[in-house]
Structure formats: C-alpha cells, structure tokens
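Structure below is input.txt: compact mmCIF, C-alpha atoms.
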```txt
# COMPACT_ATOMS: atom_id res chain seq x y z
CA MET A 1 -14.18 32.70 -23.44
CA ASP A 2 -16.26 32.33 -20.31
CA SER A 3 -15.14 33.73 -17.03
CA ASN A 4 -15.81 31.64 -13.95
CA ARG A 5 -14.75 32.82 -10.56
CA ASP A 6 -15.05 29.43 -8.95
CA THR A 7 -14.18 25.87 -9.81
CA ALA A 8 -17.84 24.96 -10.33
CA THR A 9 -17.69 24.17 -14.05
CA TRP A 10 -14.92 21.60 -14.17
CA LEU A 11 -15.43 20.35 -10.64
CA LYS A 12 -19.09 19.61 -11.32
CA LYS A 13 -18.14 17.76 -14.49
CA LEU A 14 -15.58 15.67 -12.61
CA GLN A 15 -17.97 14.94 -9.76
CA GLY A 16 -20.59 13.82 -12.28
CA VAL A 17 -18.10 11.47 -13.93
CA LEU A 18 -16.98 10.10 -10.56
CA ASN A 19 -20.60 9.49 -9.64
CA ASP A 20 -21.33 7.69 -12.93
CA ASN A 21 -18.20 5.55 -12.58
CA GLN A 22 -18.22 4.89 -8.85
CA ALA A 23 -18.48 1.12 -9.31
CA LEU A 24 -15.36 1.04 -11.49
CA PRO A 25 -11.73 0.96 -10.30
CA GLU A 26 -10.99 4.02 -12.46
CA SER A 27 -13.02 6.21 -10.12
CA LYS A 28 -10.48 5.45 -7.38
CA TYR A 29 -7.18 5.49 -9.26
CA LEU A 30 -5.40 8.23 -11.11
CA GLN A 31 -1.90 8.77 -12.47
CA LEU A 32 0.31 11.33 -10.77
CA ALA A 33 3.34 12.70 -12.64
CA THR A 34 6.25 14.51 -11.01
CA ILE A 35 9.89 15.26 -11.88
CA ASN A 36 12.72 13.49 -10.07
CA HIS A 37 16.16 14.77 -8.98
CA LYS A 38 17.67 13.64 -12.31
CA ASN A 39 15.14 15.89 -14.10
CA GLN A 40 13.28 12.90 -15.46
CA PRO A 41 9.53 12.40 -15.34
CA GLU A 42 7.98 9.88 -12.95
CA VAL A 43 4.40 8.65 -13.10
CA ARG A 44 2.59 6.17 -10.88
CA THR A 45 -0.94 5.11 -10.03
CA VAL A 46 -2.25 6.46 -6.74
CA VAL A 47 -5.55 6.33 -4.88
CA PHE A 48 -7.80 9.39 -5.02
CA ARG A 49 -8.77 10.39 -1.45
CA GLY A 50 -11.33 13.06 -2.19
CA PHE A 51 -11.31 16.83 -2.38
CA LEU A 52 -10.28 19.36 0.22
CA GLU A 53 -13.68 20.49 1.45
CA THR A 54 -15.46 22.41 -1.30
CA THR A 55 -12.30 23.30 -3.23
CA GLY A 56 -11.10 21.39 -6.26
CA SER A 57 -7.83 20.45 -4.55
CA LEU A 58 -7.27 16.70 -4.77
CA LEU A 59 -6.06 14.63 -1.83
CA ILE A 60 -3.68 11.64 -1.96
CA HIS A 61 -2.01 9.67 0.83
CA THR A 62 1.62 8.67 0.90
CA ASP A 63 4.49 7.63 3.15
CA ILE A 64 7.06 10.32 3.93
CA ARG A 65 9.79 7.75 3.15
CA SER A 66 8.53 7.19 -0.41
CA LYS A 67 10.70 8.38 -3.25
CA LYS A 68 8.17 10.86 -4.57
CA ILE A 69 8.40 12.92 -1.37
CA GLN A 70 12.03 13.79 -2.17
CA ASP A 71 11.10 14.55 -5.76
CA ILE A 72 8.27 16.87 -4.73
CA ALA A 73 10.52 18.64 -2.21
CA ALA A 74 12.84 19.61 -5.09
CA ASN A 75 10.10 20.39 -7.64
CA ASN A 76 6.47 20.53 -6.55
CA HIS A 77 5.01 20.98 -10.04
CA ALA A 78 2.83 18.01 -10.90
CA GLN A 79 0.23 16.77 -13.32
CA ILE A 80 -2.59 14.27 -12.92
CA CYS A 81 -4.06 12.20 -15.72
CA TRP A 82 -7.45 10.64 -15.08
CA TYR A 83 -8.95 8.57 -17.87
CA PHE A 84 -12.45 7.08 -17.74
CA SER A 85 -12.72 4.31 -20.30
CA GLN A 86 -16.51 3.83 -20.07
CA SER A 87 -17.39 7.42 -20.83
CA ARG A 88 -14.26 7.86 -22.93
CA GLU A 89 -13.11 11.07 -21.34
CA GLN A 90 -9.88 12.32 -19.85
CA PHE A 91 -9.12 14.98 -17.29
CA ARG A 92 -5.61 16.39 -17.03
CA PHE A 93 -4.91 18.54 -13.99
CA THR A 94 -1.89 20.80 -13.87
CA GLY A 95 -0.88 22.11 -10.47
CA SER A 96 1.45 21.92 -7.52
CA ILE A 97 1.68 19.72 -4.47
CA GLN A 98 1.87 20.64 -0.83
CA VAL A 99 2.96 17.81 1.47
CA ILE A 100 1.15 17.75 4.79
CA THR A 101 3.47 16.00 7.23
CA ALA A 102 3.56 15.55 11.00
CA GLN A 103 5.29 18.95 11.13
CA SER A 104 2.66 20.82 9.09
CA LYS A 105 -0.02 23.10 10.42
CA GLN A 106 -3.00 21.19 8.98
CA GLN A 107 -3.02 18.40 11.58
CA SER A 108 -6.79 18.17 11.73
CA LEU A 109 -6.92 17.25 8.03
CA ARG A 110 -4.14 14.71 8.52
CA LEU A 111 -5.83 13.20 11.58
CA GLN A 112 -9.19 13.04 9.82
CA HIS A 113 -7.64 11.06 6.94
CA TRP A 114 -5.70 8.82 9.32
CA GLN A 115 -8.87 7.92 11.17
CA GLN A 116 -10.57 6.88 7.94
CA LEU A 117 -7.83 4.33 7.17
CA SER A 118 -8.29 0.63 7.76
CA GLU A 119 -6.18 -0.99 10.49
CA SER A 120 -3.99 -2.75 7.94
CA ALA A 121 -3.45 0.50 6.03
CA LYS A 122 -2.44 2.20 9.26
CA GLN A 123 -0.03 -0.65 10.01
CA SER A 124 1.65 -0.20 6.63
CA TYR A 125 2.95 3.20 7.74
CA PHE A 126 4.85 1.47 10.55
CA TRP A 127 6.55 -1.02 8.23
CA ASP A 128 10.24 -0.83 7.49
CA THR A 129 9.99 -0.32 3.78
CA PRO A 130 8.17 2.55 2.16
CA GLY A 131 6.80 2.44 -1.36
CA GLU A 132 4.07 3.28 -3.79
CA ILE A 133 2.31 0.10 -2.76
CA LEU A 134 1.04 1.54 0.44
CA ALA A 135 -1.11 4.09 -1.28
CA LEU A 136 -2.10 1.81 -4.11
CA ASP A 137 -3.00 -1.15 -1.98
CA ASP A 138 -4.83 0.54 0.81
CA GLU A 139 -8.08 0.63 -1.12
CA PHE A 140 -8.21 -3.16 -1.13
CA GLN A 141 -7.86 -3.42 2.59
CA SER A 142 -10.96 -1.44 3.38
CA HIS A 143 -12.78 -4.57 4.56
CA ALA A 144 -10.48 -4.53 7.59
CA ASN A 145 -11.42 -2.86 10.84
CA GLN A 146 -12.25 0.76 10.06
CA SER A 147 -11.39 3.90 11.98
CA ASN A 148 -9.82 3.08 15.28
CA PRO A 149 -9.09 6.56 16.65
CA THR A 150 -6.95 5.09 19.43
CA GLN A 151 -4.26 3.86 17.02
CA PRO A 152 -1.48 6.44 17.28
CA MET A 153 -0.87 8.31 14.04
CA SER A 154 2.36 7.35 12.29
CA ASP A 155 4.77 10.21 11.63
CA ASN A 156 5.30 8.61 8.21
CA PHE A 157 1.73 9.30 7.18
CA CYS A 158 1.41 12.28 4.81
CA VAL A 159 -1.41 13.84 2.86
CA LEU A 160 -0.59 15.32 -0.54
CA LEU A 161 -2.66 18.39 -1.38
CA PHE A 162 -2.75 18.89 -5.14
CA SER A 163 -3.86 22.45 -6.00
CA VAL A 164 -5.19 22.71 -9.54
CA THR A 165 -4.24 25.67 -11.75
CA GLU A 166 -5.31 24.24 -15.11
CA VAL A 167 -7.71 21.56 -16.35
CA ASP A 168 -7.89 19.93 -19.77
CA HIS A 169 -11.12 17.99 -20.22
CA LEU A 170 -11.43 15.86 -23.33
CA GLN A 171 -14.63 14.02 -24.23
CA LEU A 172 -14.27 11.46 -26.99
CA LYS A 173 -17.81 10.09 -27.04
CA PRO A 174 -19.62 12.98 -28.78
CA THR A 175 -18.99 13.63 -32.47
CA PRO A 176 -17.36 16.05 -32.91
CA HIS A 177 -15.34 15.55 -29.74
CA ILE A 178 -15.49 18.19 -27.04
CA ARG A 179 -12.41 19.68 -25.44
CA ASN A 180 -12.45 22.32 -22.73
CA ARG A 181 -9.61 24.04 -20.98
CA PHE A 182 -9.96 25.80 -17.62
CA VAL A 183 -7.18 28.09 -16.47
CA PHE A 184 -6.87 29.79 -13.10
CA ASN A 185 -5.37 33.28 -13.17
CA ARG A 186 -5.74 36.53 -11.24
CA HIS A 187 -9.26 36.95 -12.60
CA GLY A 188 -10.32 33.54 -11.33
CA TRP A 189 -11.14 30.53 -13.49
CA GLN A 190 -11.33 31.14 -17.23
CA ALA A 191 -12.96 28.56 -19.51
CA TYR A 192 -11.96 28.02 -23.14
CA LYS A 193 -13.32 25.73 -25.79
CA VAL A 194 -10.43 24.04 -27.54
CA ASN A 195 -10.60 22.43 -30.94
CA PRO A 196 -10.37 18.71 -30.29
CA MET B 1 20.29 -10.49 -8.21
CA ASP B 2 19.67 -12.31 -11.45
CA SER B 3 21.46 -11.38 -14.59
CA ASN B 4 19.45 -11.47 -17.81
CA ARG B 5 20.99 -10.53 -21.09
CA ASP B 6 17.70 -10.07 -22.83
CA THR B 7 14.36 -8.51 -22.06
CA ALA B 8 12.69 -11.90 -21.80
CA THR B 9 11.75 -11.77 -18.12
CA TRP B 10 9.79 -8.53 -17.95
CA LEU B 11 8.65 -8.61 -21.56
CA LYS B 12 7.17 -12.09 -21.11
CA LYS B 13 5.37 -10.91 -17.99
CA LEU B 14 3.95 -7.90 -19.80
CA GLN B 15 2.91 -9.97 -22.81
CA GLY B 16 1.15 -12.41 -20.49
CA VAL B 17 -0.74 -9.58 -18.80
CA LEU B 18 -1.67 -8.07 -22.16
CA ASN B 19 -2.95 -11.43 -23.29
CA ASP B 20 -5.03 -11.91 -20.13
CA ASN B 21 -6.48 -8.40 -20.41
CA GLN B 22 -6.94 -8.13 -24.15
CA ALA B 23 -10.70 -7.63 -23.86
CA LEU B 24 -10.27 -4.65 -21.53
CA PRO B 25 -9.53 -1.03 -22.52
CA GLU B 26 -6.51 -1.04 -20.21
CA SER B 27 -4.65 -3.38 -22.56
CA LYS B 28 -4.75 -0.60 -25.19
CA TYR B 29 -4.14 2.54 -23.13
CA LEU B 30 -1.20 3.63 -21.08
CA GLN B 31 -0.06 6.89 -19.52
CA LEU B 32 2.98 8.61 -20.99
CA ALA B 33 4.84 11.21 -18.89
CA THR B 34 7.28 13.76 -20.30
CA ILE B 35 8.69 17.12 -19.21
CA ASN B 36 7.61 20.34 -20.92
CA HIS B 37 9.62 23.48 -21.76
CA LYS B 38 8.64 25.04 -18.42
CA ASN B 39 10.24 22.05 -16.68
CA GLN B 40 6.88 20.77 -15.54
CA PRO B 41 5.64 17.20 -15.89
CA GLU B 42 2.99 16.29 -18.46
CA VAL B 43 1.07 13.04 -18.55
CA ARG B 44 -1.60 11.88 -20.98
CA THR B 45 -3.31 8.68 -22.07
CA VAL B 46 -2.07 7.26 -25.36
CA VAL B 47 -2.77 4.15 -27.39
CA PHE B 48 -0.24 1.32 -27.23
CA ARG B 49 0.75 0.33 -30.80
CA GLY B 50 2.80 -2.76 -30.07
CA PHE B 51 6.48 -3.51 -29.74
CA LEU B 52 9.30 -2.89 -32.16
CA GLU B 53 9.78 -6.41 -33.52
CA THR B 54 11.17 -8.65 -30.78
CA THR B 55 12.57 -5.83 -28.66
CA GLY B 56 10.77 -4.41 -25.68
CA SER B 57 10.61 -0.94 -27.24
CA LEU B 58 7.04 0.37 -27.15
CA LEU B 59 5.41 2.11 -30.10
CA ILE B 60 2.96 5.03 -29.98
CA HIS B 61 1.52 7.20 -32.75
CA THR B 62 1.27 10.94 -32.67
CA ASP B 63 0.95 14.07 -34.81
CA ILE B 64 4.13 16.06 -35.31
CA ARG B 65 2.15 19.22 -34.51
CA SER B 66 1.14 17.93 -31.06
CA LYS B 67 2.60 19.71 -28.05
CA LYS B 68 4.44 16.68 -26.75
CA ILE B 69 6.67 16.61 -29.84
CA GLN B 70 8.22 19.95 -28.83
CA ASP B 71 8.57 18.74 -25.26
CA ILE B 72 10.33 15.54 -26.34
CA ALA B 73 12.66 17.48 -28.65
CA ALA B 74 13.92 19.42 -25.62
CA ASN B 75 13.97 16.48 -23.18
CA ASN B 76 13.46 12.96 -24.45
CA HIS B 77 13.41 11.29 -21.03
CA ALA B 78 10.02 9.71 -20.42
CA GLN B 79 8.17 7.31 -18.21
CA ILE B 80 5.18 5.08 -18.87
CA CYS B 81 2.70 3.93 -16.23
CA TRP B 82 0.52 0.98 -17.11
CA TYR B 83 -1.94 -0.20 -14.50
CA PHE B 84 -4.09 -3.31 -14.88
CA SER B 85 -6.99 -3.14 -12.46
CA GLN B 86 -8.22 -6.73 -12.89
CA SER B 87 -4.92 -8.35 -12.04
CA ARG B 88 -3.97 -5.45 -9.76
CA GLU B 89 -0.52 -4.92 -11.16
CA GLN B 90 1.42 -1.95 -12.42
CA PHE B 91 4.33 -1.64 -14.82
CA ARG B 92 6.41 1.51 -14.83
CA PHE B 93 8.82 1.90 -17.73
CA THR B 94 11.65 4.39 -17.60
CA GLY B 95 13.32 5.27 -20.87
CA SER B 96 13.75 7.70 -23.70
CA ILE B 97 11.81 8.52 -26.82
CA GLN B 98 12.94 8.67 -30.41
CA VAL B 99 10.51 10.43 -32.77
CA ILE B 100 10.27 8.80 -36.19
CA THR B 101 9.15 11.55 -38.57
CA ALA B 102 8.94 11.88 -42.36
CA GLN B 103 12.62 12.88 -42.23
CA SER B 104 13.82 9.86 -40.25
CA LYS B 105 15.58 6.81 -41.61
CA GLN B 106 13.03 4.24 -40.42
CA GLN B 107 10.45 4.89 -43.14
CA SER B 108 9.47 1.26 -43.50
CA LEU B 109 8.34 1.16 -39.86
CA ARG B 110 6.44 4.42 -40.32
CA LEU B 111 4.78 3.19 -43.52
CA GLN B 112 3.87 -0.12 -41.96
CA HIS B 113 2.08 1.66 -39.09
CA TRP B 114 0.40 4.11 -41.46
CA GLN B 115 -1.00 1.26 -43.51
CA GLN B 116 -2.54 -0.31 -40.40
CA LEU B 117 -4.53 2.84 -39.61
CA SER B 118 -8.22 3.17 -40.38
CA GLU B 119 -9.22 5.69 -43.06
CA SER B 120 -10.65 8.08 -40.48
CA ALA B 121 -7.47 7.86 -38.40
CA LYS B 122 -5.43 8.65 -41.52
CA GLN B 123 -7.70 11.62 -42.23
CA SER B 124 -7.11 13.02 -38.77
CA TYR B 125 -3.45 13.65 -39.67
CA PHE B 126 -4.60 15.99 -42.44
CA TRP B 127 -6.82 18.06 -40.14
CA ASP B 128 -5.95 21.60 -39.19
CA THR B 129 -5.66 21.11 -35.47
CA PRO B 130 -3.31 18.65 -33.84
CA GLY B 131 -3.85 17.22 -30.40
CA GLU B 132 -3.71 14.27 -28.10
CA ILE B 133 -7.13 13.29 -29.32
CA LEU B 134 -5.82 11.88 -32.53
CA ALA B 135 -3.84 9.19 -30.82
CA LEU B 136 -6.41 8.55 -28.15
CA ASP B 137 -9.36 8.34 -30.45
CA ASP B 138 -7.93 6.34 -33.26
CA GLU B 139 -8.63 3.07 -31.52
CA PHE B 140 -12.34 3.76 -31.66
CA GLN B 141 -12.35 4.26 -35.38
CA SER B 142 -11.04 0.83 -36.22
CA HIS B 143 -14.44 -0.21 -37.62
CA ALA B 144 -13.71 2.10 -40.55
CA ASN B 145 -12.11 0.91 -43.75
CA GLN B 146 -8.77 -0.65 -42.86
CA SER B 147 -5.44 -0.42 -44.64
CA ASN B 148 -5.73 1.50 -47.86
CA PRO B 149 -2.11 1.55 -49.05
CA THR B 150 -2.96 4.08 -51.77
CA GLN B 151 -3.75 6.89 -49.30
CA PRO B 152 -0.64 9.08 -49.29
CA MET B 153 1.13 9.14 -45.93
CA SER B 154 0.73 12.43 -44.07
CA ASP B 155 3.98 14.19 -43.14
CA ASN B 156 2.34 14.87 -39.77
CA PHE B 157 2.24 11.18 -38.92
CA CYS B 158 4.96 10.17 -36.43
CA VAL B 159 5.82 7.01 -34.57
CA LEU B 160 7.25 7.37 -31.08
CA LEU B 161 9.78 4.69 -30.21
CA PHE B 162 10.07 4.31 -26.44
CA SER B 163 13.29 2.48 -25.48
CA VAL B 164 13.09 0.97 -22.02
CA THR B 165 16.05 1.19 -19.63
CA GLU B 166 14.27 0.30 -16.39
CA VAL B 167 11.10 -1.55 -15.40
CA ASP B 168 9.28 -1.55 -12.07
CA HIS B 169 6.71 -4.33 -11.89
CA LEU B 170 4.39 -4.34 -8.89
CA GLN B 171 1.91 -7.14 -8.23
CA LEU B 172 -0.67 -6.38 -5.56
CA LYS B 173 -2.71 -9.58 -5.74
CA PRO B 174 -0.34 -12.00 -3.99
CA THR B 175 0.22 -11.68 -0.25
CA PRO B 176 2.89 -10.60 0.39
CA HIS B 177 2.98 -8.38 -2.69
CA ILE B 178 5.66 -8.94 -5.29
CA ARG B 179 7.82 -6.17 -6.65
CA ASN B 180 10.53 -6.64 -9.25
CA ARG B 181 12.88 -4.14 -10.78
CA PHE B 182 14.71 -4.68 -14.07
CA VAL B 183 17.57 -2.39 -14.97
CA PHE B 184 19.47 -2.28 -18.24
CA ASN B 185 23.18 -1.55 -17.96
CA ARG B 186 26.39 -2.47 -19.80
CA HIS B 187 26.02 -6.08 -18.60
CA GLY B 188 22.52 -6.34 -20.05
CA TRP B 189 19.30 -6.63 -18.07
CA GLN B 190 19.66 -7.10 -14.32
CA ALA B 191 16.69 -8.26 -12.22
CA TYR B 192 16.18 -7.31 -8.59
CA LYS B 193 13.51 -8.30 -6.11
CA VAL B 194 12.37 -5.22 -4.27
CA ASN B 195 10.58 -5.21 -0.95
CA PRO B 196 7.03 -4.15 -1.73
```

Reformat the file's structure so that it appears as structure tokens.
Amino acid sequence: MDSNRDTATWLKKLQGVLNDNQALPESKYLQLATINHKNQPEVRTVVFRGFLETTGSLLIHTDIRSKKIQDIAANNHAQICWYFSQSREQFRFTGSIQVITAQSKQQSLRLQHWQQLSESAKQSYFWDTPGEILALDDEFQSHANQSNPTQPMSDNFCVLLFSVTEVDHLQLKPTPHIRNRFVFNRHGWQAYKVNP
Amino acid sequence: MDSNRDTATWLKKLQGVLNDNQALPESKYLQLATINHKNQPEVRTVVFRGFLETTGSLLIHTDIRSKKIQDIAANNHAQICWYFSQSREQFRFTGSIQVITAQSKQQSLRLQHWQQLSESAKQSYFWDTPGEILALDDEFQSHANQSNPTQPMSDNFCVLLFSVTEVDHLQLKPTPHIRNRFVFNRHGWQAYKVNP
C-alpha cells in the first residue's frame, strides 16, 4: 500500500489518457450514474467540462430543470464510468455531487463556465424543455459564436461538482492486466494494487 | 402516442445502429448501472453478448464471484447506457436483471454461451480472483481457440439477462433532435415522442 496525500497519482494518469485521446469523442464524454426517487439506478452520457482548478473534482453542466437534479437532491452519491477504447482502460470514480445553482456561493465558477459556452448552448438554457440533450449536444455547437459575456446568465444553468472519494483504474492492454484502486480517507489518498 | 405490442420499433432501431457501427468498439461495449449494498450507484463497462432469441432482452456474461452479483441479488433494478459517437445517438434501457447461474433452470442458454467463449475466456472463470475484467477483456481474446465443447463449464460462469421495461432513444444528429420513449405496460409497448 502506498500513501499519497494528494490526487497526483490517479489524476496524472487520467490527464495523460485525456491528452493521448484528445482527438477522440471518448475524451469528452463520460457516463454518470445516480439513483432516482424510485431507488433505481440512472446512467446517461454527459460532457466532461474539466477539473475544478488543481483538484481532481470533475465538472459537468446541466439544466436545473433536468430530471437528474431532483435525483441528486435526494441522493447525491454518484459514480462515473470512463472507458477509453483505444488504450483499453477504464476509470471508475466514486463520489458525491454538489449542484452549483444561481443560489450557490460559487458564482464566479458558474459565470466562468457560462462565458465559455457557445451562443446556441446558452440559448438552450432558455428553452422550454429541459433534458439530457443540452449537456450532450453542447459540444457539437462549439463552432457557434463563443463567449459573449453580455448574454445574461440563465438561472437554469448549473454546474455539477463531482468530488472523487475512490478511483478504480483498470488497464487491459498490458499482460497481465493492471488494476489500481485509490481511496481517499482521513490519511489522504491511499493507493492499492488490485488483482485484475 | 403509438401503441406497439412488440419490441419491433426500438429493437429494429438498435439493431440498425449496431449494424452500422459493427466495426467500432462501441457496438460491443455498454455501461451497466446497478445499486450497491450501501445504496450507492455503480456503473461499469461490460461486453454486449447479444439478445435472448427474438426478444429485446440483453445478455451479458459475468463471474458469480464479481461484486455486482451481490449488488444485483439485493436490488435487481438496473439501467444501461449505450452511446454511439459516430451517429451521435444514445439508448438508455431501464429494466431488471435475472442472473442465470449453475443452479438456474436455463442451462441450455448458459451452455450455449459458454461454448462460444474462447479458451482463454473460459480459463478466466477458473482463476482465483473475480472481477469486471473478465467480462471486459474477453472480447479481446477471441483470436484464441474458439468453442471447445469438451472444456467443463465453470460454476462461476453466469449469464445476466437484462429485461427491458423502458427505452429512451435520443438522436442528436438531426435538427431538431429526435427523442423517443418506449414504455412497456400491461397493454404492451407504448411509444412516445419526447421533446428533445
């Protein structure tokens, strides 16, 4: 067992994989799982919006009217699955979600993300109907006019902050396969090699 | 609202997408979400093993010693997310899982799937350590010797039968986007157009 007091180990691995795969759609999309009010699992593809500064917390955009917002309000435990088919490796992140809304303290983060959106993505937050589509589709609209800071920020625009407490990293390319687990506890990040 | 008494509509769509994407890894992998004993969501990439005959039930292999088997025993509700990046469409399947073990009635189905495994995939079910890897990696071992019916079937080998009760099909390529929901109830399959 290795003790690591920061996220460096797994975060560096992930950043390396993202760098290697930046031309592929899979570097932008991941699967986010939550639990709904009927105590059933829900999983959908969402767009990865980067990390919170130097932390390993992952950022995702969504509309406050989307169904997952209600689900997260009742149970904020979540898991992310991120599979990279070229390098044949999978990251699974266990953690919890904080929803940054128009009423939250972190308005500078929210504003910064709003300003990076395309005009058409911004418009989508003013539409009548919410849905997963907004987050999923926004990536494809990035050719539109970027960052117009004068466009008023929609109250529907939310940033999901996914704080990671555990990472399962599985590499299928090497023989034998390599599997590492990283767990955050009161001593910081602990790294374990797991039999694949 | 359209009423459909069979799965034809969504199953035909999915089969068409699978056909169009058969050369891509995404036609083989999907993300399966379940709920664990701590009431937290879990999601991992698994290999799609086809449909149960002409039904829309999806088949997945796993090791009875894998963690998800315990999770499913406690809560068999599950959801599948299947995203196709080339055609920019996502299927989400809501349903429940039946685990077909060495003690189950459907031994012919289990045997049939066992016989289709490569030798190395069969071997993996005799290893000491279970894990997601077995299912995920098997696809890559298909160059190995196929179908040796004399190899005794491991008691660890299970087939997961995912019965679909709801489908959310989102197509992002057309403008405006197309979103369809299919719900199974006592009248059969009902189809709804949903605002994207």

* To do: Give the answer as one residue: which of A:Ser85, A:Lys12, A:Asp63, A:Ser57 has the shortest atom-to-atom distance to Leu24 (chain A), using all atoms listed in the file?
  => A:Ser85

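Between Gly56 (chain B) and the residues B:Ala33, B:Leu14, B:Leu160, B:Val99, the shortest atom-to-atom distance, using only C-alpha atoms, involves B:Leu14.
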
* Which polymer residues have any atom within 10 Å of an atom of Leu111 (chain B), counting only C-alpha atoms, with same-chain residues fewer than 4 positions away left out, as a PyMOL selection string? -> chain B and resi 102+106-107+115-116+149+152-153+157-159

Would you be able to write out as a compact mmCIF listing (two decimals) with C-alpha atoms, keeping the file's coordinate frame which residues have an atom within 6 Å of (-0.3, 16.2, -16.5) in the file's coordinates, counting only C-alpha atoms?
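See out_32.txt below for the written result:
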```txt
# COMPACT_ATOMS: atom_id res chain seq x y z
CA GLN A 79 0.23 16.77 -13.32
CA ILE A 80 -2.59 14.27 -12.92
CA CYS A 81 -4.06 12.20 -15.72
CA ARG A 92 -5.61 16.39 -17.03
CA PHE A 93 -4.91 18.54 -13.99
CA THR A 94 -1.89 20.80 -13.87
CA GLU B 42 2.99 16.29 -18.46
CA VAL B 43 1.07 13.04 -18.55
```

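Proximity of A:Ile60, A:Val46, A:Leu18, A:Ala8 to chain B, computed with all atoms listed in the file, is greatest for A:Val46.
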
Please put the answer as AutoDock Vina command-line options: centre and edge lengths, in Å with one decimal, of a box along x, y and z that encloses all listed atoms of region 103-111 of chain B plus 4 Å on each side.
```
--center_x 10.2 --center_y 7.0 --center_z -41.7 --size_x 18.8 --size_y 19.7 --size_z 11.7
```

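For the choices A:Ala121, A:Val17, A:Ile178, A:Ala78, the atom-to-atom distance to chain B is smallest for A:Ala78 when using all atoms listed in the file.
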
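Across the model, the gap from CA of Ala73 (chain A) to CA of Thr101 (chain A) is 12.1 Å.
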